[in-house]
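Reproduced below: query.cif, with mmCIF, C-alpha atoms; chains and numbers go by the auth columns.
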data_target
#
loop_
_atom_site.group_PDB
_atom_site.id
_atom_site.type_symbol
_atom_site.label_atom_id
_atom_site.label_comp_id
_atom_site.label_asym_id
_atom_site.label_seq_id
_atom_site.Cartn_x
_atom_site.Cartn_y
_atom_site.Cartn_z
_atom_site.B_iso_or_equiv
_atom_site.auth_seq_id
_atom_site.auth_asym_id
ATOM 1 C CA MET A 1 -3.828 -1.103 18.880 0.00 1075 A
ATOM 2 C CA SER A 2 -3.350 2.654 18.460 0.00 1076 A
ATOM 3 C CA GLN A 3 -0.228 2.576 20.658 0.00 1077 A
ATOM 4 C CA ALA A 4 1.180 -0.228 18.518 0.00 1078 A
ATOM 5 C CA LYS A 5 0.657 1.874 15.397 0.00 1079 A
ATOM 6 C CA GLU A 6 2.224 4.838 17.164 0.00 1080 A
ATOM 7 C CA ASN A 7 5.310 2.788 18.023 0.00 1081 A
ATOM 8 C CA ALA A 8 5.662 1.563 14.428 0.00 1082 A
ATOM 9 C CA ALA A 9 5.383 5.099 13.067 0.00 1083 A
ATOM 10 C CA LEU A 10 7.952 6.444 15.535 0.00 1084 A
ATOM 11 C CA ALA A 11 10.418 3.663 14.665 0.00 1085 A
ATOM 12 C CA ALA A 12 10.115 4.511 10.961 0.00 1086 A
ATOM 13 C CA LEU A 13 11.351 8.044 11.681 0.00 1087 A
ATOM 14 C CA ASP A 14 14.784 6.617 12.515 0.00 1088 A
ATOM 15 C CA PHE A 15 15.241 5.771 8.821 0.00 1089 A
ATOM 16 C CA VAL A 16 14.495 9.315 7.628 0.00 1090 A
ATOM 17 C CA GLN A 17 17.519 11.496 6.906 0.00 1091 A
ATOM 18 C CA ASP A 18 17.876 15.169 6.161 0.00 1092 A
ATOM 19 C CA GLY A 19 17.505 15.993 2.467 0.00 1093 A
ATOM 20 C CA MET A 20 15.449 12.928 1.584 0.00 1094 A
ATOM 21 C CA THR A 21 12.577 12.762 -0.857 0.00 1095 A
ATOM 22 C CA LEU A 22 10.010 10.474 0.751 0.00 1096 A
ATOM 23 C CA GLY A 23 7.177 8.448 -0.689 0.00 1097 A
ATOM 24 C CA LEU A 24 4.235 9.029 1.637 0.00 1098 A
ATOM 25 C CA GLY A 25 1.904 6.070 1.913 0.00 1099 A
ATOM 26 C CA SER A 26 -1.762 5.938 2.753 0.00 1100 A
ATOM 27 C CA GLY A 27 -3.731 4.577 5.673 0.00 1101 A
ATOM 28 C CA SER A 28 -4.092 5.115 9.396 0.00 1102 A
ATOM 29 C CA THR A 29 -0.564 4.101 10.426 0.00 1103 A
ATOM 30 C CA ALA A 30 0.966 6.170 7.614 0.00 1104 A
ATOM 31 C CA GLU A 31 -1.011 9.180 8.812 0.00 1105 A
ATOM 32 C CA ILE A 32 0.377 8.745 12.336 0.00 1106 A
ATOM 33 C CA PHE A 33 3.837 8.716 10.747 0.00 1107 A
ATOM 34 C CA LEU A 34 3.017 12.000 8.995 0.00 1108 A
ATOM 35 C CA GLU A 35 2.041 13.618 12.281 0.00 1109 A
ATOM 36 C CA HIS A 36 5.437 12.779 13.780 0.00 1110 A
ATOM 37 C CA LEU A 37 7.273 13.665 10.568 0.00 1111 A
ATOM 38 C CA GLY A 38 5.614 17.079 10.708 0.00 1112 A
ATOM 39 C CA GLU A 39 7.022 17.584 14.204 0.00 1113 A
ATOM 40 C CA LYS A 40 10.512 16.786 12.894 0.00 1114 A
ATOM 41 C CA VAL A 41 10.053 19.210 10.001 0.00 1115 A
ATOM 42 C CA ALA A 42 8.979 21.911 12.433 0.00 1116 A
ATOM 43 C CA GLY A 43 12.202 21.216 14.322 0.00 1117 A
ATOM 44 C CA GLY A 44 14.354 21.777 11.228 0.00 1118 A
ATOM 45 C CA LEU A 45 14.371 18.487 9.303 0.00 1119 A
ATOM 46 C CA LYS A 46 14.578 19.139 5.549 0.00 1120 A
ATOM 47 C CA VAL A 47 12.562 16.619 3.528 0.00 1121 A
ATOM 48 C CA GLN A 48 9.963 16.625 0.787 0.00 1122 A
ATOM 49 C CA GLY A 49 7.215 14.109 0.238 0.00 1123 A
ATOM 50 C CA VAL A 50 5.496 12.510 -2.738 0.00 1124 A
ATOM 51 C CA PRO A 51 1.930 11.645 -1.627 0.00 1125 A
ATOM 52 C CA THR A 52 0.181 8.493 -2.850 0.00 1126 A
ATOM 53 C CA SER A 53 -3.352 9.841 -2.473 0.00 1127 A
ATOM 54 C CA ALA A 54 -5.318 13.063 -2.122 0.00 1128 A
ATOM 55 C CA GLN A 55 -6.021 12.124 1.490 0.00 1129 A
ATOM 56 C CA THR A 56 -2.317 11.627 2.186 0.00 1130 A
ATOM 57 C CA ALA A 57 -1.555 14.994 0.580 0.00 1131 A
ATOM 58 C CA ALA A 58 -4.139 16.688 2.789 0.00 1132 A
ATOM 59 C CA CYS A 59 -2.729 15.004 5.910 0.00 1133 A
ATOM 60 C CA ALA A 60 0.826 15.992 4.987 0.00 1134 A
ATOM 61 C CA GLN A 61 -0.162 19.608 4.407 0.00 1135 A
ATOM 62 C CA GLU A 62 -2.058 19.678 7.684 0.00 1136 A
ATOM 63 C CA ASN A 63 1.109 18.561 9.466 0.00 1137 A
ATOM 64 C CA GLY A 64 3.437 20.923 7.640 0.00 1138 A
ATOM 65 C CA VAL A 65 5.261 18.337 5.531 0.00 1139 A
ATOM 66 C CA PRO A 66 6.446 19.889 2.216 0.00 1140 A
ATOM 67 C CA LEU A 67 5.120 18.114 -0.876 0.00 1141 A
ATOM 68 C CA VAL A 68 6.418 17.714 -4.399 0.00 1142 A
ATOM 69 C CA GLY A 69 4.772 16.207 -7.478 0.00 1143 A
ATOM 70 C CA ILE A 70 6.118 12.853 -8.613 0.00 1144 A
ATOM 71 C CA ASP A 71 6.952 14.323 -12.034 0.00 1145 A
ATOM 72 C CA LYS A 72 9.208 16.892 -10.353 0.00 1146 A
ATOM 73 C CA VAL A 73 11.574 14.398 -8.699 0.00 1147 A
ATOM 74 C CA SER A 74 14.385 12.300 -10.141 0.00 1148 A
ATOM 75 C CA ARG A 75 14.679 10.052 -7.114 0.00 1149 A
ATOM 76 C CA ILE A 76 12.608 8.855 -4.168 0.00 1150 A
ATOM 77 C CA HIS A 77 14.961 7.779 -1.404 0.00 1151 A
ATOM 78 C CA LEU A 78 12.489 6.067 0.894 0.00 1152 A
ATOM 79 C CA THR A 79 8.804 5.190 0.980 0.00 1153 A
ATOM 80 C CA ILE A 80 6.962 4.648 4.246 0.00 1154 A
ATOM 81 C CA ASP A 81 3.633 2.879 3.810 0.00 1155 A
ATOM 82 C CA GLY A 82 1.241 0.519 5.538 0.00 1156 A
ATOM 83 C CA ALA A 83 -0.207 -2.808 4.406 0.00 1157 A
ATOM 84 C CA ASP A 84 -3.336 -4.875 4.843 0.00 1158 A
ATOM 85 C CA GLU A 85 -1.420 -8.166 5.033 0.00 1159 A
ATOM 86 C CA VAL A 86 2.261 -9.151 5.222 0.00 1160 A
ATOM 87 C CA ASP A 87 3.481 -12.728 4.721 0.00 1161 A
ATOM 88 C CA PRO A 88 6.792 -14.279 5.924 0.00 1162 A
ATOM 89 C CA VAL A 89 8.682 -13.283 2.736 0.00 1163 A
ATOM 90 C CA PHE A 90 7.303 -9.721 2.900 0.00 1164 A
ATOM 91 C CA SER A 91 4.817 -10.092 0.077 0.00 1165 A
ATOM 92 C CA LEU A 92 1.961 -7.700 0.753 0.00 1166 A
ATOM 93 C CA ILE A 93 -1.697 -7.113 0.093 0.00 1167 A
ATOM 94 C CA LYS A 94 -2.414 -3.395 -0.156 0.00 1168 A
ATOM 95 C CA GLY A 95 -5.298 -1.335 -1.458 0.00 1169 A
ATOM 96 C CA GLY A 96 -7.838 -1.380 1.320 0.00 1170 A
ATOM 97 C CA GLY A 97 -7.817 2.407 1.058 0.00 1171 A
ATOM 98 C CA ALA A 98 -8.175 2.289 -2.766 0.00 1172 A
ATOM 99 C CA CYS A 99 -4.772 3.924 -3.395 0.00 1173 A
ATOM 100 C CA LEU A 100 -2.919 0.859 -4.661 0.00 1174 A
ATOM 101 C CA LEU A 101 -2.001 2.086 -8.156 0.00 1175 A
ATOM 102 C CA ARG A 102 -0.313 5.243 -6.937 0.00 1176 A
ATOM 103 C CA GLU A 103 1.185 3.418 -3.966 0.00 1177 A
ATOM 104 C CA LYS A 104 2.799 0.901 -6.304 0.00 1178 A
ATOM 105 C CA ILE A 105 4.082 3.566 -8.706 0.00 1179 A
ATOM 106 C CA VAL A 106 5.798 5.342 -5.814 0.00 1180 A
ATOM 107 C CA ALA A 107 7.087 2.119 -4.240 0.00 1181 A
ATOM 108 C CA HIS A 108 8.639 0.970 -7.536 0.00 1182 A
ATOM 109 C CA ALA A 109 10.336 4.344 -7.971 0.00 1183 A
ATOM 110 C CA SER A 110 11.850 4.252 -4.468 0.00 1184 A
ATOM 111 C CA ASP A 111 15.304 3.139 -3.408 0.00 1185 A
ATOM 112 C CA ARG A 112 13.724 1.458 -0.395 0.00 1186 A
ATOM 113 C CA MET A 113 10.239 0.725 0.939 0.00 1187 A
ATOM 114 C CA ILE A 114 9.523 0.341 4.635 0.00 1188 A
ATOM 115 C CA VAL A 115 6.156 -1.032 5.714 0.00 1189 A
ATOM 116 C CA ILE A 116 4.725 -0.075 9.093 0.00 1190 A
ATOM 117 C CA VAL A 117 2.008 -2.295 10.562 0.00 1191 A
ATOM 118 C CA ASP A 118 0.688 -3.692 13.810 0.00 1192 A
ATOM 119 C CA GLU A 119 0.968 -7.407 14.545 0.00 1193 A
ATOM 120 C CA SER A 120 -2.561 -8.164 13.308 0.00 1194 A
ATOM 121 C CA LYS A 121 -1.346 -7.619 9.723 0.00 1195 A
ATOM 122 C CA LEU A 122 1.193 -10.465 9.851 0.00 1196 A
ATOM 123 C CA VAL A 123 -0.130 -13.662 8.236 0.00 1197 A
ATOM 124 C CA ASP A 124 1.260 -17.043 7.259 0.00 1198 A
ATOM 125 C CA ASN A 125 -0.422 -16.852 3.846 0.00 1199 A
ATOM 126 C CA LEU A 126 -1.976 -13.961 1.948 0.00 1200 A
ATOM 127 C CA GLY A 127 -5.653 -13.943 1.090 0.00 1201 A
ATOM 128 C CA GLN A 128 -7.849 -13.505 4.140 0.00 1202 A
ATOM 129 C CA PHE A 129 -7.986 -9.783 3.395 0.00 1203 A
ATOM 130 C CA PRO A 130 -9.856 -9.299 0.094 0.00 1204 A
ATOM 131 C CA LEU A 131 -7.399 -8.626 -2.720 0.00 1205 A
ATOM 132 C CA PRO A 132 -8.131 -5.254 -4.371 0.00 1206 A
ATOM 133 C CA VAL A 133 -7.690 -4.894 -8.121 0.00 1207 A
ATOM 134 C CA GLU A 134 -7.902 -1.437 -9.709 0.00 1208 A
ATOM 135 C CA VAL A 135 -9.656 -1.592 -13.080 0.00 1209 A
ATOM 136 C CA ASP A 136 -10.739 0.666 -15.911 0.00 1210 A
ATOM 137 C CA PRO A 137 -14.500 1.351 -15.778 0.00 1211 A
ATOM 138 C CA PHE A 138 -14.822 0.369 -19.456 0.00 1212 A
ATOM 139 C CA GLY A 139 -15.830 -3.285 -19.689 0.00 1213 A
ATOM 140 C CA VAL A 140 -15.640 -3.764 -15.938 0.00 1214 A
ATOM 141 C CA THR A 141 -17.932 -6.813 -15.945 0.00 1215 A
ATOM 142 C CA LEU A 142 -15.779 -8.586 -18.534 0.00 1216 A
ATOM 143 C CA THR A 143 -12.635 -7.591 -16.660 0.00 1217 A
ATOM 144 C CA ALA A 144 -14.036 -8.977 -13.395 0.00 1218 A
ATOM 145 C CA GLU A 145 -14.737 -12.300 -15.123 0.00 1219 A
ATOM 146 C CA GLN A 146 -11.152 -12.444 -16.393 0.00 1220 A
ATOM 147 C CA ILE A 147 -9.877 -11.615 -12.915 0.00 1221 A
ATOM 148 C CA TYR A 148 -11.877 -14.535 -11.519 0.00 1222 A
ATOM 149 C CA GLU A 149 -10.431 -16.894 -14.144 0.00 1223 A
ATOM 150 C CA ALA A 150 -6.878 -15.675 -13.458 0.00 1224 A
ATOM 151 C CA LEU A 151 -7.304 -16.276 -9.749 0.00 1225 A
ATOM 152 C CA LYS A 152 -8.656 -19.744 -10.401 0.00 1226 A
ATOM 153 C CA LYS A 153 -5.787 -20.547 -12.762 0.00 1227 A
ATOM 154 C CA SER A 154 -3.233 -19.545 -10.124 0.00 1228 A
ATOM 155 C CA GLY A 155 -4.733 -21.870 -7.525 0.00 1229 A
ATOM 156 C CA VAL A 156 -7.186 -19.613 -5.686 0.00 1230 A
ATOM 157 C CA GLN A 157 -10.169 -21.806 -4.817 0.00 1231 A
ATOM 158 C CA ASN A 158 -12.695 -19.056 -4.123 0.00 1232 A
ATOM 159 C CA GLY A 159 -11.908 -15.706 -5.763 0.00 1233 A
ATOM 160 C CA VAL A 160 -15.395 -14.196 -5.587 0.00 1234 A
ATOM 161 C CA THR A 161 -15.215 -10.699 -7.109 0.00 1235 A
ATOM 162 C CA THR A 162 -17.205 -7.690 -5.939 0.00 1236 A
ATOM 163 C CA LEU A 163 -17.226 -4.144 -7.299 0.00 1237 A
ATOM 164 C CA ARG A 164 -16.419 -1.840 -4.383 0.00 1238 A
ATOM 165 C CA GLN A 165 -19.101 0.771 -3.673 0.00 1239 A
ATOM 166 C CA ASN A 166 -18.553 4.313 -2.444 0.00 1240 A
ATOM 167 C CA SER A 167 -19.260 5.295 1.147 0.00 1241 A
ATOM 168 C CA ASP A 168 -22.758 6.529 0.243 0.00 1242 A
ATOM 169 C CA GLY A 169 -23.615 3.191 -1.333 0.00 1243 A
ATOM 170 C CA ASP A 170 -25.066 4.837 -4.426 0.00 1244 A
ATOM 171 C CA GLY A 171 -22.460 3.738 -6.963 0.00 1245 A
ATOM 172 C CA PRO A 172 -18.960 2.355 -7.509 0.00 1246 A
ATOM 173 C CA LEU A 173 -16.069 3.858 -5.590 0.00 1247 A
ATOM 174 C CA ILE A 174 -13.903 5.933 -7.906 0.00 1248 A
ATOM 175 C CA THR A 175 -10.177 6.103 -7.158 0.00 1249 A
ATOM 176 C CA ASP A 176 -8.033 9.241 -7.385 0.00 1250 A
ATOM 177 C CA GLY A 177 -7.057 8.026 -10.857 0.00 1251 A
ATOM 178 C CA GLY A 178 -10.666 7.666 -12.019 0.00 1252 A
ATOM 179 C CA HIS A 179 -10.802 3.866 -11.835 0.00 1253 A
ATOM 180 C CA TYR A 180 -12.941 1.253 -10.067 0.00 1254 A
ATOM 181 C CA ILE A 181 -11.876 -1.309 -7.470 0.00 1255 A
ATOM 182 C CA VAL A 182 -12.770 -4.989 -7.748 0.00 1256 A
ATOM 183 C CA ASP A 183 -12.329 -6.749 -4.400 0.00 1257 A
ATOM 184 C CA CYS A 184 -11.504 -10.461 -4.599 0.00 1258 A
ATOM 185 C CA LYS A 185 -12.436 -12.651 -1.658 0.00 1259 A
ATOM 186 C CA CYS A 186 -9.718 -15.266 -2.028 0.00 1260 A
ATOM 187 C CA GLU A 187 -9.339 -16.703 1.497 0.00 1261 A
ATOM 188 C CA LEU A 188 -5.961 -18.134 0.413 0.00 1262 A
ATOM 189 C CA ILE A 189 -3.546 -17.094 -2.339 0.00 1263 A
ATOM 190 C CA PRO A 190 -1.191 -20.086 -2.603 0.00 1264 A
ATOM 191 C CA ALA A 191 1.142 -18.588 -5.229 0.00 1265 A
ATOM 192 C CA PRO A 192 1.163 -14.766 -4.914 0.00 1266 A
ATOM 193 C CA GLY A 193 3.814 -14.290 -7.592 0.00 1267 A
ATOM 194 C CA GLU A 194 1.883 -16.302 -10.167 0.00 1268 A
ATOM 195 C CA THR A 195 -1.377 -14.584 -9.247 0.00 1269 A
ATOM 196 C CA ALA A 196 0.295 -11.187 -9.622 0.00 1270 A
ATOM 197 C CA HIS A 197 1.655 -12.125 -13.049 0.00 1271 A
ATOM 198 C CA LEU A 198 -1.678 -13.386 -14.377 0.00 1272 A
ATOM 199 C CA LEU A 199 -3.606 -10.371 -13.125 0.00 1273 A
ATOM 200 C CA SER A 200 -1.095 -8.044 -14.779 0.00 1274 A
ATOM 201 C CA GLN A 201 -1.827 -9.652 -18.180 0.00 1275 A
ATOM 202 C CA ILE A 202 -5.502 -8.603 -18.164 0.00 1276 A
ATOM 203 C CA PRO A 203 -5.956 -5.461 -20.314 0.00 1277 A
ATOM 204 C CA GLY A 204 -8.609 -3.867 -18.079 0.00 1278 A
ATOM 205 C CA VAL A 205 -6.505 -4.228 -14.932 0.00 1279 A
ATOM 206 C CA MET A 206 -4.685 -1.008 -14.119 0.00 1280 A
ATOM 207 C CA GLU A 207 -2.927 -2.545 -11.093 0.00 1281 A
ATOM 208 C CA HIS A 208 -3.455 -5.169 -8.405 0.00 1282 A
ATOM 209 C CA GLY A 209 -2.871 -5.105 -4.676 0.00 1283 A
ATOM 210 C CA LEU A 210 -0.164 -7.771 -4.548 0.00 1284 A
ATOM 211 C CA PHE A 211 3.126 -6.048 -3.750 0.00 1285 A
ATOM 212 C CA ILE A 212 5.851 -8.612 -4.432 0.00 1286 A
ATOM 213 C CA ASP A 213 9.580 -8.086 -3.729 0.00 1287 A
ATOM 214 C CA LEU A 214 9.127 -4.397 -2.948 0.00 1288 A
ATOM 215 C CA SER A 215 9.711 -4.126 0.787 0.00 1289 A
ATOM 216 C CA SER A 216 12.849 -5.248 2.590 0.00 1290 A
ATOM 217 C CA ILE A 217 11.955 -3.869 6.038 0.00 1291 A
ATOM 218 C CA ILE A 218 8.776 -4.404 8.024 0.00 1292 A
ATOM 219 C CA ILE A 219 8.304 -2.453 11.245 0.00 1293 A
ATOM 220 C CA VAL A 220 5.803 -4.174 13.524 0.00 1294 A
ATOM 221 C CA GLY A 221 4.337 -1.978 16.204 0.00 1295 A
ATOM 222 C CA GLU A 222 3.587 -3.637 19.522 0.00 1296 A
ATOM 223 C CA PRO A 223 2.001 -2.114 22.656 0.00 1297 A
ATOM 224 C CA ASP A 224 5.333 -1.237 24.296 0.00 1298 A
ATOM 225 C CA HIS A 225 7.868 -1.181 21.446 0.00 1299 A
ATOM 226 C CA ALA A 226 8.444 -1.717 17.728 0.00 1300 A
ATOM 227 C CA ARG A 227 10.032 -4.778 16.186 0.00 1301 A
ATOM 228 C CA ILE A 228 12.110 -4.306 13.030 0.00 1302 A
ATOM 229 C CA MET A 229 12.157 -7.224 10.598 0.00 1303 A
ATOM 230 C CA GLU A 230 14.590 -7.161 7.682 0.00 1304 A
ATOM 231 C CA LEU A 231 14.763 -9.441 4.668 0.00 1305 A
ATOM 232 C CA LYS A 232 17.957 -9.577 2.643 0.00 1306 A
ATOM 233 C CA ARG A 233 17.158 -9.401 -1.071 0.00 1307 A
ATOM 234 C CA GLU A 234 19.726 -10.217 -3.745 0.00 1308 A
#
Could you express the structure from this file as structure tokens?
Amino acid sequence: MSQAKENAALAALDFVQDGMTLGLGSGSTAEIFLEHLGEKVAGGLKVQGVPTSAQTAACAQENGVPLVGIDKVSRIHLTIDGADEVDPVFSLIKGGGACLLREKIVAHASDRMIVIVDESKLVDNLGQFPLPVEVDPFGVTLTAEQIYEALKKSGVQNGVTTLRQNSDGDGPLITDGGHYIVDCKCELIPAPGETAHLLSQIPGVMEHGLFIDLSSIIIVGEPDHARIMELKRE
């Protein structure tokens, strides 16, 4: 599996050009990409990166990749990020690493988003991976109930919601933005676009982990090569 991730990360480098401002995603495959990007920077490549999490920023700095704050850039040329699930029309579930709000802000601001994954992340239908929803701590119980109702309304049969705990297990996980994560065990999300719309209408929801119509290229790492999948969007 690690070689597959390595191959996906290496293939993503082919899309990086000198002078680019890059959105730097989060997760294990994205961190492998940063290691190789750092090697290119050491060899003379001129880029700057906008990190989507504190962990990504630390990894980028460790590998010598120059960083810039998102408020200091007028354009992000390309974002390279991972995903927890990818369906046939390139809709994604993201947020397993609790960085989904910042990941989506950067993805929306980018000219192009490339997702790097191994083959295990490709699914026929989204939902086996629990859908993360980033919420304001105020009224979290009420918000979780509304999330459940929105899922049900959009055709999700299960939709059990759980407040994600921190690694110590002594309280809720707190995101870089100071929010909580509600994980939704959906099993199947039959209409991702409708689910995304309904979740976005809930006042306590800061962002959800459904990334719809954001990526046009998926790079799938396999043990001996990388497969590039492209979807033409109008």
Could you please determine the separation between atom CA of Arg1176 of chain A and atom CA of Gln1122 of chain A in Å, to one decimal place?
17.2 Å
With only C-alpha atoms as the counted atoms, please give the residues lying no more than 7 Å from Leu1200 of chain A, apart from itself and same-chain residues fewer than 6 positions off, as number ranges by chain.
A: 1159, 1161, 1262-1263
If we count only C-alpha atoms, what is near Cys1260 of chain A at a cut-off of 7 Å, once residues fewer than 6 positions away on the same chain are taken out, given as a list in words?
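Skipping anything fewer than 6 positions along the chain leaves Gly1201, Gln1202, Pro1204, Val1230, Asn1232, Gly1233 and Val1234 of chain A.
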Using only C-alpha atoms for the distances, tell me which of A:Ile1255, A:Ile1292, A:Leu1247, A:Leu1272 is nearest to Thr1153 of chain A.
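Residue with the minimum atom-to-atom distance to Thr1153 of chain A: A:Ile1292.
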The distance between atom CA of Asp1198 of chain A and atom CA of Lys1226 of chain A is 20.4 Å
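Here the question is which of A:Leu1216, A:Met1280, A:Val1256, A:Leu1096 gets nearest to Val1180 of chain A using only C-alpha atoms, and that residue is A:Leu1096.
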